[in-house]
file start-v1.cif (mmCIF, C-alpha atoms)
data_structure
#
loop_
_atom_site.label_atom_id
_atom_site.label_comp_id
_atom_site.auth_asym_id
_atom_site.auth_seq_id
_atom_site.Cartn_x
_atom_site.Cartn_y
_atom_site.Cartn_z
CA MET A 722 52.62 50.30 -42.77
CA ARG A 723 54.93 47.30 -42.71
CA ASP A 724 56.48 45.92 -45.86
CA LYS A 725 55.53 42.60 -47.41
CA VAL A 726 57.39 39.55 -46.16
CA THR A 727 59.29 37.31 -48.55
CA LEU A 728 59.61 34.14 -46.51
CA ALA A 729 62.70 32.82 -48.33
CA GLU A 730 64.58 36.01 -47.47
CA LYS A 731 63.64 35.71 -43.82
CA PHE A 732 64.57 32.04 -43.61
CA ALA A 733 67.97 32.93 -45.09
CA GLN A 734 68.55 35.28 -42.16
CA LEU A 735 67.96 32.66 -39.47
CA PRO A 736 71.22 31.89 -37.68
CA GLU A 737 70.46 28.32 -36.61
CA ALA A 738 67.75 25.82 -35.83
CA TYR A 739 65.26 26.70 -33.10
CA GLN A 740 66.21 30.38 -33.15
CA PRO A 741 62.87 31.85 -34.24
CA ALA A 742 62.43 35.35 -35.62
CA ILE A 743 59.45 37.66 -35.85
CA VAL A 744 58.65 38.74 -39.42
CA GLY A 745 55.38 40.57 -38.80
CA TYR A 746 52.38 41.18 -36.62
CA MET A 747 48.63 40.77 -37.00
CA ASN A 748 46.60 42.34 -34.21
CA ASP A 749 48.13 40.93 -31.01
CA TYR A 750 49.70 37.98 -32.81
CA LYS A 751 53.24 37.55 -34.04
CA LEU A 752 54.23 35.92 -37.33
CA VAL A 753 57.32 33.83 -36.74
CA VAL A 754 59.75 31.93 -38.96
CA VAL A 755 61.84 29.14 -37.55
CA ALA A 756 64.14 26.40 -38.83
CA ILE A 757 63.61 23.09 -37.09
CA GLN A 758 66.26 20.41 -36.99
CA GLY A 759 66.49 17.54 -34.56
CA GLU A 760 64.13 17.21 -31.64
CA PHE A 761 62.80 20.10 -29.57
CA VAL A 762 61.46 19.69 -26.01
CA TRP A 763 58.09 18.37 -24.88
CA HIS A 764 55.91 21.27 -23.79
CA LYS A 765 52.45 22.77 -23.98
CA HIS A 766 50.82 26.17 -24.10
CA ASP A 767 47.90 26.36 -21.72
CA GLU A 768 46.76 29.75 -22.98
CA THR A 769 46.80 29.40 -26.75
CA ASP A 770 46.59 27.29 -29.87
CA GLU A 771 49.65 27.40 -32.11
CA LEU A 772 49.68 27.38 -35.91
CA PHE A 773 52.48 25.56 -37.81
CA LEU A 774 52.76 25.92 -41.60
CA VAL A 775 55.60 24.05 -43.31
CA VAL A 776 57.31 25.82 -46.21
CA LYS A 777 60.25 23.48 -46.78
CA GLY A 778 61.35 20.08 -45.50
CA ARG A 779 59.32 17.76 -43.32
CA LEU A 780 58.17 18.53 -39.79
CA THR A 781 56.95 15.91 -37.37
CA ILE A 782 54.88 17.17 -34.46
CA GLN A 783 54.93 14.43 -31.88
CA PHE A 784 51.98 14.06 -29.54
CA ARG A 785 51.71 11.58 -26.70
CA ASP A 786 49.35 9.40 -28.74
CA ARG A 787 50.38 10.03 -32.36
CA ASP A 788 52.62 11.91 -34.75
CA VAL A 789 51.49 14.52 -37.26
CA VAL A 790 53.83 14.75 -40.26
CA LEU A 791 53.73 17.96 -42.28
CA GLU A 792 55.15 18.46 -45.76
CA PRO A 793 55.46 21.81 -47.55
CA GLY A 794 52.05 23.37 -48.05
CA GLU A 795 50.59 21.64 -45.02
CA LEU A 796 49.56 23.25 -41.76
CA PHE A 797 48.43 22.13 -38.35
CA VAL A 798 47.02 23.87 -35.31
CA VAL A 799 48.26 22.47 -32.00
CA PRO A 800 45.41 22.95 -29.53
CA ARG A 801 46.07 24.73 -26.28
CA GLY A 802 47.00 22.52 -23.36
CA VAL A 803 48.17 19.60 -25.50
CA GLU A 804 51.74 18.36 -24.99
CA HIS A 805 53.78 18.25 -28.16
CA CYS A 806 57.37 18.00 -29.33
CA PRO A 807 58.42 19.10 -32.84
CA LYS A 808 61.23 17.31 -34.62
CA ALA A 809 62.77 17.22 -38.09
CA ASP A 810 65.45 14.92 -39.50
CA GLU A 811 66.59 17.56 -41.97
CA ASP A 812 66.06 21.31 -41.79
CA ALA A 813 62.36 22.13 -41.88
CA LEU A 814 61.37 25.75 -42.50
CA VAL A 815 58.20 26.67 -40.69
CA VAL A 816 55.91 29.68 -40.28
CA MET A 817 54.14 29.99 -36.95
CA VAL A 818 51.33 32.26 -35.83
CA GLU A 819 50.67 32.72 -32.13
CA PRO A 820 49.96 35.50 -29.60
CA LYS A 821 52.80 37.97 -29.09
CA GLY A 822 53.66 36.82 -25.59
CA THR A 823 53.91 33.10 -26.39
CA VAL A 824 57.16 31.50 -25.23
CA ASN A 825 58.56 28.87 -27.59
CA THR A 826 59.05 26.31 -24.82
CA GLY A 827 55.63 26.91 -23.23
CA ASP A 828 55.46 25.41 -19.75
CA ARG A 829 59.04 24.09 -19.96
CA PRO A 830 61.44 27.04 -19.77
CA GLY A 831 65.10 26.11 -20.10
CA GLU A 832 68.06 26.27 -22.41
CA ARG A 833 65.84 25.98 -25.50
CA THR A 834 63.82 29.03 -24.49
CA ALA A 835 64.51 31.64 -27.17
CA GLU A 836 64.67 35.39 -27.24
CA LEU A 837 63.03 36.18 -30.59
CA ARG A 838 64.91 38.42 -32.97
CA GLU A 839 62.99 40.97 -35.00
CA LEU A 840 63.00 40.75 -38.82
CA ALA A 841 59.84 42.80 -39.50
CA ASP A 842 60.47 45.72 -41.85
CA GLU A 843 58.79 49.11 -41.99
CA VAL A 844 58.39 50.85 -45.34
CA MET B 846 41.68 17.36 -32.41
CA ARG B 847 41.42 18.57 -35.98
CA ASP B 848 43.34 16.94 -38.79
CA LYS B 849 46.24 18.55 -40.59
CA VAL B 850 45.41 20.73 -43.57
CA THR B 851 46.90 20.03 -46.99
CA LEU B 852 46.40 23.36 -48.73
CA ALA B 853 46.45 21.94 -52.28
CA GLU B 854 43.54 19.63 -51.41
CA LYS B 855 41.54 22.50 -49.99
CA PHE B 856 42.21 24.78 -52.95
CA ALA B 857 40.99 21.97 -55.23
CA GLN B 858 37.64 22.03 -53.42
CA LEU B 859 37.00 25.72 -53.98
CA PRO B 860 34.11 26.19 -56.39
CA GLU B 861 35.07 29.56 -57.85
CA ALA B 862 37.01 32.76 -57.26
CA TYR B 863 36.12 34.82 -54.19
CA GLN B 864 34.26 31.94 -52.56
CA PRO B 865 36.42 31.50 -49.48
CA ALA B 866 36.38 28.42 -47.28
CA ILE B 867 37.42 27.81 -43.69
CA VAL B 868 40.08 25.12 -43.31
CA GLY B 869 40.83 25.48 -39.62
CA TYR B 870 40.74 27.57 -36.49
CA MET B 871 43.32 28.99 -34.12
CA ASN B 872 41.88 30.45 -30.92
CA ASP B 873 39.17 32.88 -32.13
CA TYR B 874 40.68 33.14 -35.61
CA LYS B 875 39.70 31.34 -38.79
CA LEU B 876 42.14 29.99 -41.36
CA VAL B 877 40.71 30.63 -44.80
CA VAL B 878 41.64 29.59 -48.33
CA VAL B 879 40.44 31.60 -51.29
CA ALA B 880 41.06 31.80 -55.02
CA ILE B 881 41.32 35.34 -56.30
CA GLN B 882 40.71 36.23 -59.93
CA GLY B 883 39.85 39.63 -61.31
CA GLU B 884 39.22 42.59 -59.05
CA PHE B 885 37.39 42.44 -55.73
CA VAL B 886 35.72 45.47 -54.12
CA TRP B 887 37.34 48.33 -52.22
CA HIS B 888 36.72 47.87 -48.51
CA LYS B 889 38.29 48.04 -45.08
CA HIS B 890 38.06 46.26 -41.76
CA ASP B 891 37.94 48.73 -38.91
CA GLU B 892 38.25 46.06 -36.23
CA THR B 893 41.10 43.89 -37.44
CA ASP B 894 44.28 43.41 -39.40
CA GLU B 895 44.12 40.77 -42.13
CA LEU B 896 46.88 38.35 -43.14
CA PHE B 897 47.34 37.34 -46.80
CA LEU B 898 49.80 34.58 -47.73
CA VAL B 899 50.12 33.72 -51.42
CA VAL B 900 50.59 30.03 -52.27
CA LYS B 901 50.18 30.15 -56.05
CA GLY B 902 49.86 32.86 -58.69
CA ARG B 903 50.30 36.56 -58.13
CA LEU B 904 48.11 38.72 -55.92
CA THR B 905 48.02 42.49 -56.08
CA ILE B 906 46.62 44.26 -53.04
CA GLN B 907 45.71 47.73 -54.19
CA PHE B 908 45.84 50.57 -51.68
CA ARG B 909 44.84 54.16 -52.35
CA ASP B 910 48.50 55.21 -52.53
CA ARG B 911 50.32 52.10 -53.79
CA ASP B 912 50.07 48.47 -54.83
CA VAL B 913 51.58 45.53 -52.97
CA VAL B 914 52.35 42.59 -55.27
CA LEU B 915 52.70 39.18 -53.67
CA GLU B 916 54.22 36.10 -55.27
CA PRO B 917 54.12 32.57 -53.82
CA GLY B 918 55.87 32.46 -50.45
CA GLU B 919 55.13 36.12 -49.74
CA LEU B 920 52.76 37.48 -47.14
CA PHE B 921 51.32 40.83 -46.17
CA VAL B 922 49.28 42.10 -43.26
CA VAL B 923 46.67 44.69 -44.24
CA PRO B 924 46.32 47.00 -41.23
CA ARG B 925 42.89 47.61 -39.76
CA GLY B 926 41.05 50.60 -41.12
CA VAL B 927 43.03 50.79 -44.37
CA GLU B 928 41.07 50.64 -47.62
CA HIS B 929 42.26 47.93 -49.98
CA CYS B 930 41.13 46.03 -53.05
CA PRO B 931 42.67 42.66 -53.99
CA LYS B 932 43.02 41.69 -57.63
CA ALA B 933 44.70 38.98 -59.69
CA ASP B 934 45.05 38.63 -63.45
CA GLU B 935 45.20 34.85 -63.21
CA ASP B 936 43.99 32.63 -60.41
CA ALA B 937 45.88 33.40 -57.20
CA LEU B 938 45.58 30.93 -54.34
CA VAL B 939 45.74 32.64 -50.99
CA VAL B 940 45.65 31.71 -47.30
CA MET B 941 44.11 34.27 -44.98
CA VAL B 942 44.06 34.50 -41.19
CA GLU B 943 41.56 36.77 -39.49
CA PRO B 944 39.10 36.77 -36.58
CA LYS B 945 36.18 34.37 -36.95
CA GLY B 946 33.56 37.06 -37.41
CA THR B 947 35.39 38.96 -40.16
CA VAL B 948 33.25 39.57 -43.26
CA ASN B 949 35.15 39.34 -46.56
CA THR B 950 33.79 42.65 -47.84
CA GLY B 951 34.40 44.52 -44.57
CA ASP B 952 32.48 47.80 -44.51
CA ARG B 953 31.08 47.25 -48.03
CA PRO B 954 28.46 44.48 -47.84
CA GLY B 955 26.93 43.52 -51.18
CA GLU B 956 26.87 40.85 -53.82
CA ARG B 957 30.51 39.91 -53.17
CA THR B 958 29.81 39.24 -49.49
CA ALA B 959 30.40 35.52 -49.01
CA GLU B 960 28.98 32.89 -46.74
CA LEU B 961 32.05 30.83 -45.90
CA ARG B 962 31.89 27.12 -46.44
CA GLU B 963 33.53 24.80 -43.94
CA LEU B 964 36.38 22.53 -45.05
CA ALA B 965 37.94 21.86 -41.63
CA ASP B 966 38.22 18.15 -40.82
CA GLU B 967 38.04 16.41 -37.48
CA VAL B 968 40.05 13.24 -36.95
#

call {"tool": "encode", "arguments": {"input": "start-v1.cif", "output": "structure tokens"}}
result
Amino acid sequence: MRDKVTLAEKFAQLPEAYQPAIVGYMNDYKLVVVAIQGEFVWHKHDETDELFLVVKGRLTIQFRDRDVVLEPGELFVVPRGVEHCPKADEDALVVMVEPKGTVNTGDRPGERTAELRELADEV
Amino acid sequence: MRDKVTLAEKFAQLPEAYQPAIVGYMNDYKLVVVAIQGEFVWHKHDETDELFLVVKGRLTIQFRDRDVVLEPGELFVVPRGVEHCPKADEDALVVMVEPKGTVNTGDRPGERTAELRELADEV
């Protein structure tokens, strides 16, 4: 069985913004922590919705027709196939839940495409 | 598209402990908020893992061989097929993620089996 996850400990291990890490698994989903600072890239995931839960800071998820602004304790599910671009003026700490194979840049692979590090602990 | 979810607002709408409510969906999963107070029933889910994230209070997930104690900002994934029994001395506010069809009492239907109310908003 895996150990519990203390989010603050995991966030403290993140090396830099937009370098996500896996902290656990649920069925065929991964639980990811990521620090967001500045603007990411516009992209979409045709195969899956994507859950964002903000733990610290303020995250803006830009859509083509509006912005969704999330404060700590707020979550949003980006529907599959919808173009979006996360941004944060100051460091935002975010938990994401999405299928294991999901690539952070979706349909827009490039220099922001991340290899996820593994921070999930066994007990 | 659904609206963002402010967890504090959803928790405030819960009528009583162990009456979970759906606040959103991600693919074929439901996002659930629940207040936990006292001891639930021992049960397991043979078909799915189950994610618990504590937002307020302290949640103890009892297993047959150990307890896992979660404080705010801590999460745990109960593996499928593993008997567990949540409890909390004072109100614990918890977010859960699990497949849409998951029954709260798993293999132990009874008086604690809940019909989930719907608190997910469209915009």

call {"tool": "resolve_selection", "arguments": {"input": "start-v1.cif", "expression": "the PyMOL selection byres ((chain A) within 7 of (chain B))", "output": "NGL selection string"}}
result
:A and (725-728 or 747-748 or 769-772 or 794-798)

call {"tool": "closest_residue", "arguments": {"input": "start-v1.cif", "among": "A:Pro741, A:Gly802, A:Gly778, A:Pro830", "to": "Val755 in chain A", "atoms": "all atoms listed in the file"}}
result
A:Pro741

call {"tool": "closest_residue", "arguments": {"input": "start-v1.cif", "among": "B:Glu960, B:Asp966, B:Glu928, B:Glu861", "to": "Trp887 in chain B", "atoms": "all atoms listed in the file"}}
result
B:Glu928

call {"tool": "resolve_selection", "arguments": {"input": "start-v1.cif", "expression": "the PyMOL selection byres ((chain B and resi 884) around 8)", "output": "list in words"}}
result
Gln882, Gly883, Phe885, Val886, Cys930, Pro931, Lys932 and Ala933 of chain B

call {"tool": "atom_distance", "arguments": {"input": "start-v1.cif", "atom1": "CA of Thr905 in chain B", "atom2": "CA of Thr950 in chain B"}}
result
16.4 Å

call {"tool": "resolve_selection", "arguments": {"input": "start-v1.cif", "expression": "the PyMOL selection byres ((chain B and resi 936) around 8)", "output": "mmCIF file with C-alpha atoms, in the frame of the given file"}}
result
data_model
loop_
_atom_site.group_PDB
_atom_site.id
_atom_site.type_symbol
_atom_site.label_atom_id
_atom_site.label_comp_id
_atom_site.auth_asym_id
_atom_site.auth_seq_id
_atom_site.Cartn_x
_atom_site.Cartn_y
_atom_site.Cartn_z
ATOM 1 C CA ALA B 862 37.010 32.760 -57.260
ATOM 2 C CA ALA B 880 41.060 31.800 -55.020
ATOM 3 C CA ILE B 881 41.320 35.340 -56.300
ATOM 4 C CA GLN B 882 40.710 36.230 -59.930
ATOM 5 C CA LYS B 901 50.180 30.150 -56.050
ATOM 6 C CA GLY B 902 49.860 32.860 -58.690
ATOM 7 C CA ARG B 903 50.300 36.560 -58.130
ATOM 8 C CA ALA B 933 44.700 38.980 -59.690
ATOM 9 C CA ASP B 934 45.050 38.630 -63.450
ATOM 10 C CA GLU B 935 45.200 34.850 -63.210
ATOM 11 C CA ALA B 937 45.880 33.400 -57.200
ATOM 12 C CA LEU B 938 45.580 30.930 -54.340
#

call {"tool": "atom_distance", "arguments": {"input": "start-v1.cif", "atom1": "CA of Gln858 in chain B", "atom2": "CA of Val939 in chain B"}}
result
13.6 Å

call {"tool": "atom_distance", "arguments": {"input": "start-v1.cif", "atom1": "CA of Asn949 in chain B", "atom2": "CA of Lys889 in chain B"}}
result
9.4 Å

call {"tool": "axis_aligned_box", "arguments": {"input": "start-v1.cif", "around": "range 728-744 of chain A", "padding_each_side": "4 Å", "output": "AutoDock Vina command-line options"}}
result
--center_x 64.9 --center_y 32.3 --center_z -40.7 --size_x 20.6 --size_y 20.9 --size_z 23.2
